[in-house]
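Undergrad: Have a look at this one before I ask anything.
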2 protein chains.
Amino acid sequence: MYQIIPVILAGGQGTRLWPKSRAARPKQFIDLVGDTSLFQQSLERVANTERYGAPIVITNTEYRFIVAEQALEANVPLGAILLEPVARNTAAAIAAAAQVAVNADENAILHVLASDHLIPTTAEYFAAVDAAAAAARGGNLVTFGIAPDRPETGYGYIAIGDALAHGAHKVAAFVEKPNLDKAQSMLAQGGFAWNSGMFMLPAKLFLAECERLAPEVFAAATAAVADARRDLDFIRLDETAFAASPNISVDYAIFERTDKAAVLPVSFAWSDLGAWDAVWKGQTRDEAGNAVSGPTLLSNTTNTLVVSDGAHVVVDGLDDIAVIATEDAVFVGRLSAAQNVGKIAKTLRADAATRALTETHKTSYRPWGGYSSILMGERFQVKKLFVKPGKKLSLQKHHHRSEHWVVVRGTAEVTLDGAVTMLAENQSIYLPLGCTHRLANPGKIELELIEVQTGSYLGEDDIIRIEDEFGRQ
Amino acid sequence: MYQIIPVILAGGQGTRLWPKSRAARPKQFIDLVGDTSLFQQSLERVANTERYGAPIVITNTEYRFIVAEQALEANVPLGAILLEPVARNTAAAIAAAAQVAVNADENAILHVLASDHLIPTTAEYFAAVDAAAAAARGGNLVTFGIAPDRPETGYGYIAIGDALAHGAHKVAAFVEKPNLDKAQSMLAQGGFAWNSGMFMLPAKLFLAECERLAPEVFAAATAAVADARRDLDFIRLDETAFAASPNISVDYAIFERTDKAAVLPVSFAWSDLGAWDAVWKGQTRDEAGNAVSGPTLLSNTTNTLVVSDGAHVVVDGLDDIAVIATEDAVFVGRLSAAQNVGKIAKTLRADAATRALTETHKTSYRPWGGYSSILMGERFQVKKLFVKPGKKLSLQKHHHRSEHWVVVRGTAEVTLDGAVTMLAENQSIYLPLGCTHRLANPGKIELELIEVQTGSYLGEDDIIRIEDEFGRQ
C-alpha cells in the first residue's frame with residue numbers, strides 16, 4: 001500500500017498582503033478568508049485519514065509555535081514539524097521532507113502543497129488529487145497544472161505534452177513568467193497550464209532524481225535529516241549540513257531537468273492569494289462588486305475590498321480600491337495595482353522608523369498564549385496577556401521594570417520569589433523589579449490579565465529566563 | 001472711548017469633518033490646522049488688549065469645560081462664557097452677548113466671529129478689522145464680505161452697494177446660496193462678496209434694530225440675560241426665557257431687514273474649513289499637491305489629504321483622495337466630493353450601532369483632565385486617566401464595578417472610604433465595589449494612571465457623585 005504524506009511548505013514571509021501579513025505572522029497564519037488561517041485550511045484539505053497519512057510541515061524556527069498551535073486548534077495531528085535552520089528554497093526543503101517520509105515508509109507518495117493558497121474542497125479537487133496520486137504511483141513526478149482563465153503574467157506556465165495514464169500528460173516544456181503578449185497568445189492557443197507549485201511525488205523516485213540532477217541539494221538535505229535534533233515536537237534540521245545546499249527551487253533543480261515530470265491539467269478553483277486583488281476575487285462580493293470584512297460603510301462605491309481589524313471604515317464614491325486597516329497601519333490604493341504592496345512593504349522595512357510595521361502585529365503569539373500591546377507611554381506600557389488553560393510562562397525576572405498584574409478573566413497562579421498565590425478575576429499583584437516570577441493558568445478557561453509595566457527600559461529583551469518549558473533562552 | 005468686545009460663537013457641532021470632528025469635541029476644539037485648536041486660534045486673533053476687551057464666548061453646556069480649559073491653555077482671559085440652554089441659532093445668541101456687553105459698557109462695539117474659521121493674522125486682516133470698527137462706530141452694522149476666488153455654491157453672497165466711509169459699502173442685496181451658473185456669473189460680473197458670518201456691530205444699535213425687527217428674539221435674549229445664573233465661571237442663560245426665541249439666523253432676522261447693514265469688502269485669506277477639501281486648501285502642500293499630518297507614506301499619489309491620529313497611512317497610485325484615520329474610524333473618499341461627509345456622518349449617527357462614532361473620541365476631556373478608553377473587554381475595561389496638577393475628581397462610588405489604579409506618572413492622592421493615601425509612580429490601589437473614593441493630583445506635574453475596571457456593567461452613568469467641585473451631578 002502506498003501512503004500519501006502531505007508535505008506543507010509553511011516558511012514563507014509574504015509582503016504583498018501588508019499590512020495584514022507581517023514577518024512575525026505572515027499570510028498563511030492569519031484569518032484572511034474565513035474564520036481559520038490558510039495554513040489551517042490547508043491542513044483541513046489533507047485531514048482525511050483514509051486518503052492521507054499524518055502531514056509533515058516544513059517551516060522555520062520563528063513559526064514553530066504558531067504551526068503547532070494552529071494544528072492543535074484545527075485538530076489535525078501532525079506527523080512532523082521540520083524546522084529549516086536557514087532558508088534554502090523549495091528543492092532542499094522538499095528533499096528533507098522526502099527523507100523523513102521514506103525513513104518511515106519507503107513507498108510514501110508526497111503531496112507537496114503551499115500553506116497559503118486558497119482551494120475550495122470540491123469533489124473535482126479530490127478527484128484531481130486521486131488522479132495525481134495514481135499517476136505518481138505509475139512512476140511520475142506530477143505537478144498540478146491549473147487551467148488559465150486570464151492572461152496572467154505572474155505565474156510560470158507548463159506546455160502540456162502527450163497523454164499518460166490517469167489524465168496526466170508529459171511536460172512538453174516549462175515556460176518562465178511571460179509578458180502580456182505571450183500570456184495572451186498561450187491563453188488563445190490552449191494547451192498551457194499554470195504551474196501551481198503543488199506536486200504529487202513518489203518520495204523515493206524524487207530523491208533518486210534529486211541525487212542525480214542536484215547532488216548538492218540531495219547531500220545537504222540527507223545530512224541535515226541524519227543529523228537532525230529532536231526538540232519538543234520539532235525536528236531541527238542540522239544547520240551546517242542544510243546551509244550547504246544551493247538556494248534553488250524544486251522547479252529549476254529537478255522538474256526542468258528530469259524526464260519523469262508529468263503535468264495533471266486541472267480546472268478546480270485555485271488562488272495563490274498573491275495580492276489583495278486575488279483576496280478580493282477569492283471572496284463573496286455584493287452586487288456592486290464589493291467585498292468587506294470588519295465594520296464598514298460603503299456609499300457609491302464599487303469593486304472595492306475593505307479589510308478592517310476594528311476601525312470603522314467608510315469609503316465614499318470610489319471604484320477599484322483596497323482599504324486595509326489594521327490597528328497601526330492603513331493601506332489605501334487601487335485594487336488593480338495591488339501588486340505594488342510588496343514594494344511598499346519593502347520600503348517600509350528598509351527604514352528603521354517604519355520597520356516594525358512590517359515585522360509584528362500589535363498582538364504577538366507565544367506557545368503559552370500571547371499578548372497585545374495596548375498602550376505605550378514614556379516610562380510605562382500596558383499589555384493584555386492571555387494564557388491558555390494549563391499553560392505556564394517561563395520563570396523569569398527583569399532588570400529594568402516592575403509589573404502590576406490585574407486578572408480580568410479566569411484564574412492565575414503566580415509564583416513570586418518562590419511563594420505561590422492564586423488570583424481570581426478582579427485580584428491583582430505587584431511584581432517588584434528584580435523578583436523572580438512565573439505566571440500559569442491552572443484553570444479550564446483562558447486567563448486574561450492586564451499588565452502595567454513601569455521602568456526605564458521596557459524592551460522584550462529584558463527577560464532573564466531561569467526556566468522554560470518551551471526550551472526558550 | 002468705544003471698546004471692541006470679541007463675541008465668539010463656539011456652540012457648533014459640525015459633522016462635515018468626521019471622523020475627526022465629533023459631537024463631544026467638534027471641529028473648533030480639535031487641533032486641525034497647526035498645534036492649537038481653531039477656537040484657540042480665534043482667541044489669539046482677538047488677544048491684543050489695545051484693540052480688544054476680554055472676549056465673550058457663547059457655547060452650550062456640553063462644551064463649557066473645553067472652552068474654559070482651552071482659553072486657559074491659550075492664556076487669553078475671557079470676559080464671560082455664556083451658556084445657551086438650548087440652541088436658537090445666531091440671532092438670539094448674538095443678542096444675548098450684546099446685552100451682556102452693554103451691561104458693562106453701553107458703547108461697546110461687538111466683533112462677532114466664528115470659532116472654527118481659518119484666518120491668517122496678516123497686517124491686511126487687522127487693517128480690515130480696524131476699518132470695520134471705524135465703520136461700525138459711524139453707525140453701521142458691518143459684515144465682512146470676502147472677495148470670491150471661485151464660483152462657490154456653498155455660501156451666501158452680498159451685492160456691494162454705494163460706498164460709505166472707511167471702505168465700507170451699503171449692502172445692495174443679500175443673495176442666497178446660488179447654483180453654479182449664478183455663482184459663475186457673479187464671479188465674472190464682480191461687485192459681489194461672500195457673506196463670511198463675521199460682523200462688527202455697535203451693541204446698542206444692534207439691540208435697537210433687533211428690538212424693532214425681531215422683537216421676540218430681543219425679548220427672549222433680554223430676559224434670558226436678566227434671569228441668567230452664575231455657575232463657577234459660566235453665565236447660564238435662563239432656559240425658559242431663551243427657549244422662547246424663534247430659531248433664526250442673524251442674517252434673516254436683522255441683516256436682510258435693516259437699513260443699517262454695511263459690507264466691508266476684504267481680500268484677506270479666509271476659510272470656513274467647511275469640509276476636508278477646505279482643510280487641504282488651508283494647509284501647506286508639497287509639489288505633488290499632497291498635505292499630510294501624522295505618519296504617512298505616499299507613492300505616486302497627488303492632490304491628496306491624509307490626516308492620521310496614529311496609524312501609519314500608506315496611499316498608492318491615487319489622486320484627489322482624502323484619508324482621515326482616527327483610532328476607531330477611517331474615512332476614504334474623493335477630496336473633491338468631501339461635502340458628502342456630512343451626510344455620511346448623519347447616516348452613522350442615525351444607526352444605534354455606529355452612533356458613538358459620531359459622538360465621542362476615544363479620549364474624553366473633563367474639567368480635571370480626562371481619560372482615554374484603551375481596551376474594552378466583556379467584563380472589564382482599561383482606561384488611561386490624566387489629571388491636571390491641583391485638580392480633583394468628584395467624590396464618587398459605583399454600584400457595578402471595582403477599580404484598580406496603577407500610577408504611571410506623577411503623584412496621586414486617593415481618598416478611600418475617608419482614608420487618604422498618597423501613591424507615587426509604580427504604586428497601585430484597589431477600590432472595591434461600593435466604596436466611596438476620590439482621586440486628586442496634589443503635585444506639580446500631570447498625574448497619569450492606568451485604571452482597570454471589572455464588573456458586570458461599566459457605563460459612564462454608574463457614577464454616583466457625592467461631592468464635586470465642578471458642580472456636576
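The way I read the labels, and the way they are meant: chains A, B, ... in the order of the C-alpha cells, residue 1 as the first residue of every chain, and ligand 1 as the first ligand shown, with later ones counted on from there.
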Can you tell me which residues surround Val279 in chain B at a distance of at most 9 Å, considering only C-alpha atoms, apart from same-chain residues fewer than 5 positions away, and format the answer as a PDB file with C-alpha atoms, in the first residue's frame?
TA:
```pdb
ATOM      1  CA  LEU B  32      -6.975  70.538  12.854  1.00  0.00           C
ATOM      2  CA  VAL B  33      -4.518  73.001  11.344  1.00  0.00           C
ATOM      3  CA  SER B 271     -11.632  79.700   5.004  1.00  0.00           C
ATOM      4  CA  ASP B 272     -14.584  78.271   6.879  1.00  0.00           C
ATOM      5  CA  LEU B 273     -12.877  74.850   6.705  1.00  0.00           C
ATOM      6  CA  GLY B 274     -16.294  73.600   5.760  1.00  0.00           C
ATOM      7  CA  LEU B 305      -5.050  64.895   2.091  1.00  0.00           C
TER       8      LEU B 305
END
```
Undergrad: Just want the 10 Å neighbourhood of Ile466 in chain A, counted on only C-alpha atoms, with same-chain residues fewer than 6 positions away dropped. Output as a count of residues only.
TA: 9
Undergrad: Give me the chain B side of the contact with chain A, cut-off 7 Å, one line per residue showing its nearest atom pair and distance in Å at one decimal, counting only C-alpha atoms, sorted by chain and residue number, as a Markdown table.
TA:
```
| residue | atom | partner | partner_atom | distance |
| --- | --- | --- | --- | --- |
| B:Ala311 | CA | A:Asp328 | CA | 4.3 |
| B:His312 | CA | A:Ala329 | CA | 4.4 |
| B:Val313 | CA | A:Val330 | CA | 4.7 |
| B:Val314 | CA | A:Phe331 | CA | 4.8 |
| B:Val315 | CA | A:Val332 | CA | 4.8 |
| B:Asp316 | CA | A:Gly333 | CA | 4.7 |
| B:Gly317 | CA | A:Gly333 | CA | 6.1 |
| B:Leu318 | CA | A:Gly333 | CA | 6.5 |
| B:Glu327 | CA | A:Ala311 | CA | 6.8 |
| B:Asp328 | CA | A:Ala311 | CA | 4.3 |
| B:Ala329 | CA | A:His312 | CA | 4.4 |
| B:Val330 | CA | A:Val313 | CA | 4.7 |
| B:Phe331 | CA | A:Val314 | CA | 4.8 |
| B:Val332 | CA | A:Val315 | CA | 4.8 |
| B:Gly333 | CA | A:Asp316 | CA | 4.7 |
| B:Arg334 | CA | A:Gly317 | CA | 6.7 |
| B:Ile374 | CA | A:Ile374 | CA | 6.7 |
| B:Phe380 | CA | A:Val408 | CA | 6.3 |
| B:Val408 | CA | A:Phe380 | CA | 6.3 |
| B:Asn426 | CA | A:Thr454 | CA | 6.2 |
| B:Thr454 | CA | A:Asn426 | CA | 6.2 |
```
Undergrad: Take the residues just selected and output them with N, CA, C and O atoms as a short mmCIF file (atom, residue, chain, number, x, y, z; two decimals), in the first residue's frame.
TA:
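Written output follows (again-v5.cif):
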```cif
data_model
loop_
_atom_site.label_atom_id
_atom_site.label_comp_id
_atom_site.auth_asym_id
_atom_site.auth_seq_id
_atom_site.Cartn_x
_atom_site.Cartn_y
_atom_site.Cartn_z
N ALA B 311 -2.18 55.75 13.25
CA ALA B 311 -1.89 54.66 12.32
C ALA B 311 -1.04 55.18 11.16
O ALA B 311 -1.21 56.32 10.72
N HIS B 312 -0.12 54.34 10.69
CA HIS B 312 0.71 54.70 9.55
C HIS B 312 -0.14 54.52 8.29
O HIS B 312 -0.57 53.42 7.97
N VAL B 313 -0.38 55.62 7.58
CA VAL B 313 -1.25 55.55 6.41
C VAL B 313 -0.40 55.51 5.14
O VAL B 313 0.45 56.38 4.93
N VAL B 314 -0.62 54.49 4.32
CA VAL B 314 0.07 54.36 3.03
C VAL B 314 -0.97 54.54 1.93
O VAL B 314 -2.01 53.89 1.94
N VAL B 315 -0.69 55.47 1.00
CA VAL B 315 -1.59 55.66 -0.14
C VAL B 315 -0.77 55.43 -1.41
O VAL B 315 0.32 56.01 -1.55
N ASP B 316 -1.27 54.60 -2.30
CA ASP B 316 -0.54 54.25 -3.51
C ASP B 316 -1.36 54.54 -4.76
O ASP B 316 -2.50 54.08 -4.88
N GLY B 317 -0.78 55.34 -5.66
CA GLY B 317 -1.33 55.47 -7.01
C GLY B 317 -2.67 56.16 -7.10
O GLY B 317 -3.45 55.83 -8.00
N LEU B 318 -2.97 57.11 -6.23
CA LEU B 318 -4.29 57.74 -6.27
C LEU B 318 -4.14 59.25 -6.41
O LEU B 318 -3.09 59.83 -6.14
N GLU B 327 -8.52 56.72 15.72
CA GLU B 327 -8.32 55.42 16.37
C GLU B 327 -9.42 54.43 16.05
O GLU B 327 -9.18 53.23 16.00
N ASP B 328 -10.64 54.91 15.86
CA ASP B 328 -11.74 53.97 15.68
C ASP B 328 -12.47 54.09 14.36
O ASP B 328 -13.45 53.39 14.14
N ALA B 329 -12.03 54.99 13.49
CA ALA B 329 -12.72 55.15 12.20
C ALA B 329 -11.75 55.66 11.15
O ALA B 329 -10.82 56.40 11.44
N VAL B 330 -12.02 55.23 9.90
CA VAL B 330 -11.21 55.66 8.76
C VAL B 330 -12.16 56.12 7.66
O VAL B 330 -13.06 55.38 7.29
N PHE B 331 -11.96 57.34 7.16
CA PHE B 331 -12.73 57.79 6.00
C PHE B 331 -11.83 57.83 4.79
O PHE B 331 -10.72 58.37 4.84
N VAL B 332 -12.32 57.28 3.68
CA VAL B 332 -11.61 57.33 2.41
C VAL B 332 -12.61 57.78 1.34
O VAL B 332 -13.66 57.16 1.19
N GLY B 333 -12.29 58.87 0.64
CA GLY B 333 -13.20 59.32 -0.41
C GLY B 333 -12.50 60.35 -1.28
O GLY B 333 -11.35 60.72 -1.02
N ARG B 334 -13.20 60.79 -2.32
CA ARG B 334 -12.66 61.85 -3.18
C ARG B 334 -12.59 63.14 -2.39
O ARG B 334 -13.58 63.55 -1.78
N ILE B 374 -8.77 52.63 26.44
CA ILE B 374 -7.73 51.94 25.68
C ILE B 374 -8.03 50.47 25.42
O ILE B 374 -7.49 49.88 24.51
N PHE B 380 -14.60 43.81 31.56
CA PHE B 380 -13.58 44.73 32.09
C PHE B 380 -13.31 45.82 31.06
O PHE B 380 -13.64 45.67 29.89
N VAL B 408 1.31 55.69 36.84
CA VAL B 408 2.47 55.53 35.96
C VAL B 408 3.24 56.85 35.78
O VAL B 408 4.32 56.87 35.21
N ASN B 426 4.39 53.87 39.99
CA ASN B 426 4.61 52.43 40.21
C ASN B 426 3.91 51.91 41.46
O ASN B 426 4.13 50.78 41.85
N THR B 454 -13.38 46.26 36.60
CA THR B 454 -14.02 44.97 36.35
C THR B 454 -15.41 45.01 36.95
O THR B 454 -15.64 45.63 37.99
#
```
Undergrad: Write out as a PyMOL selection string the set of residues from range 21-204 of chain B that DSSP, computed on the backbone, places in helix (DSSP H, G or I).
TA: chain B and resi 27-29+38-45+61-74+89-104+123-137+165-167+180-189+203-204
Undergrad: At a cut-off of 8 Å, using only C-alpha atoms, what residues contact range 252-269 of chain A? Leave out same-chain residues fewer than 2 positions from it and give the result as a VMD selection string.
TA: chain A and resid 91 119 to 120 122 124 to 125 128 132 139 to 147 158 160 167 to 171 173 to 174 193 209 to 210 213 to 214 248 to 250 271
Undergrad: Identify all residues of range 270-364 of chain B in strand (DSSP E or B) (DSSP on the backbone) and supply them as a VMD selection string.
TA: chain B and resid 271 291 to 293 296 to 299 302 305 to 308 312 to 316 319 321 to 325 329 to 334 363 to 364
Undergrad: Could you name the residues that touch Phe218 in chain A at 9 Å or less, counting only C-alpha atoms, but leaving out those on the same chain fewer than 5 positions away, as a PyMOL selection string?
TA: chain A and resi 91-92+95-96+207-208+210-213+223+245
Undergrad: Report as number ranges by chain all protein, DNA and RNA residues lying within 8 Å of Leu17 in chain A, evaluated on only C-alpha atoms, omitting residues in the same chain fewer than 3 positions from it.
TA: A: 14, 20-21, 27, 274-276, 341-342
Undergrad: Keeping only N, CA, C and O atoms, write the selected residues as a compact mmCIF listing (two decimals), in the first residue's frame.
TA:
```
# COMPACT_ATOMS: atom_id res chain seq x y z
N GLY A 14 5.47 36.37 3.20
CA GLY A 14 4.92 37.24 2.16
C GLY A 14 4.81 38.68 2.61
O GLY A 14 4.51 38.96 3.76
N LYS A 20 -1.75 43.40 6.67
CA LYS A 20 -2.22 42.25 7.46
C LYS A 20 -1.10 41.24 7.67
O LYS A 20 -0.95 40.70 8.75
N SER A 21 -0.35 40.95 6.61
CA SER A 21 0.71 39.96 6.68
C SER A 21 1.99 40.62 7.18
O SER A 21 2.41 41.62 6.63
N LYS A 27 0.98 35.88 6.09
CA LYS A 27 -0.24 35.49 5.35
C LYS A 27 -0.84 34.13 5.72
O LYS A 27 -2.02 34.02 5.97
N GLY A 274 -2.05 35.99 -4.09
CA GLY A 274 -0.75 36.64 -4.20
C GLY A 274 -0.78 38.12 -3.86
O GLY A 274 0.24 38.69 -3.52
N ALA A 275 -1.94 38.75 -3.98
CA ALA A 275 -2.04 40.18 -3.67
C ALA A 275 -3.49 40.46 -3.30
O ALA A 275 -4.35 39.57 -3.39
N TRP A 276 -3.77 41.70 -2.88
CA TRP A 276 -5.11 41.99 -2.37
C TRP A 276 -6.19 41.79 -3.43
O TRP A 276 -7.33 41.47 -3.10
N VAL A 341 2.02 46.56 -3.42
CA VAL A 341 2.13 46.49 -1.96
C VAL A 341 3.45 45.84 -1.53
O VAL A 341 4.07 46.26 -0.55
N GLY A 342 3.90 44.85 -2.28
CA GLY A 342 5.17 44.20 -1.95
C GLY A 342 6.32 45.19 -1.90
O GLY A 342 7.10 45.22 -0.94
```
Undergrad: Which of these, A:Gln184, A:Ala133, A:Gln70, A:Leu38, has the shortest distance to Ser115 in chain A once you count only C-alpha atoms?
TA: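 Comparing A:Gln184, A:Ala133, A:Gln70, A:Leu38 against Ser115 in chain A, the winner is A:Leu38.
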Undergrad: Quick one: of B:Ala424, B:Leu237, B:Ile5, B:Ala419, who's nearest to Leu447 in chain B, counting only C-alpha atoms?
TA: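 Comparing B:Ala424, B:Leu237, B:Ile5, B:Ala419 against Leu447 in chain B, the winner is B:Ala424.
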Undergrad: When you draw a straight line from CA of Pro85 in chain B to CA of Thr61 in chain B, how long is it in Å?
TA: 6.8 Å
Undergrad: By how many Å are CA of Gly443 in chain A and CA of Met376 in chain B apart?
TA: 22.9 Å
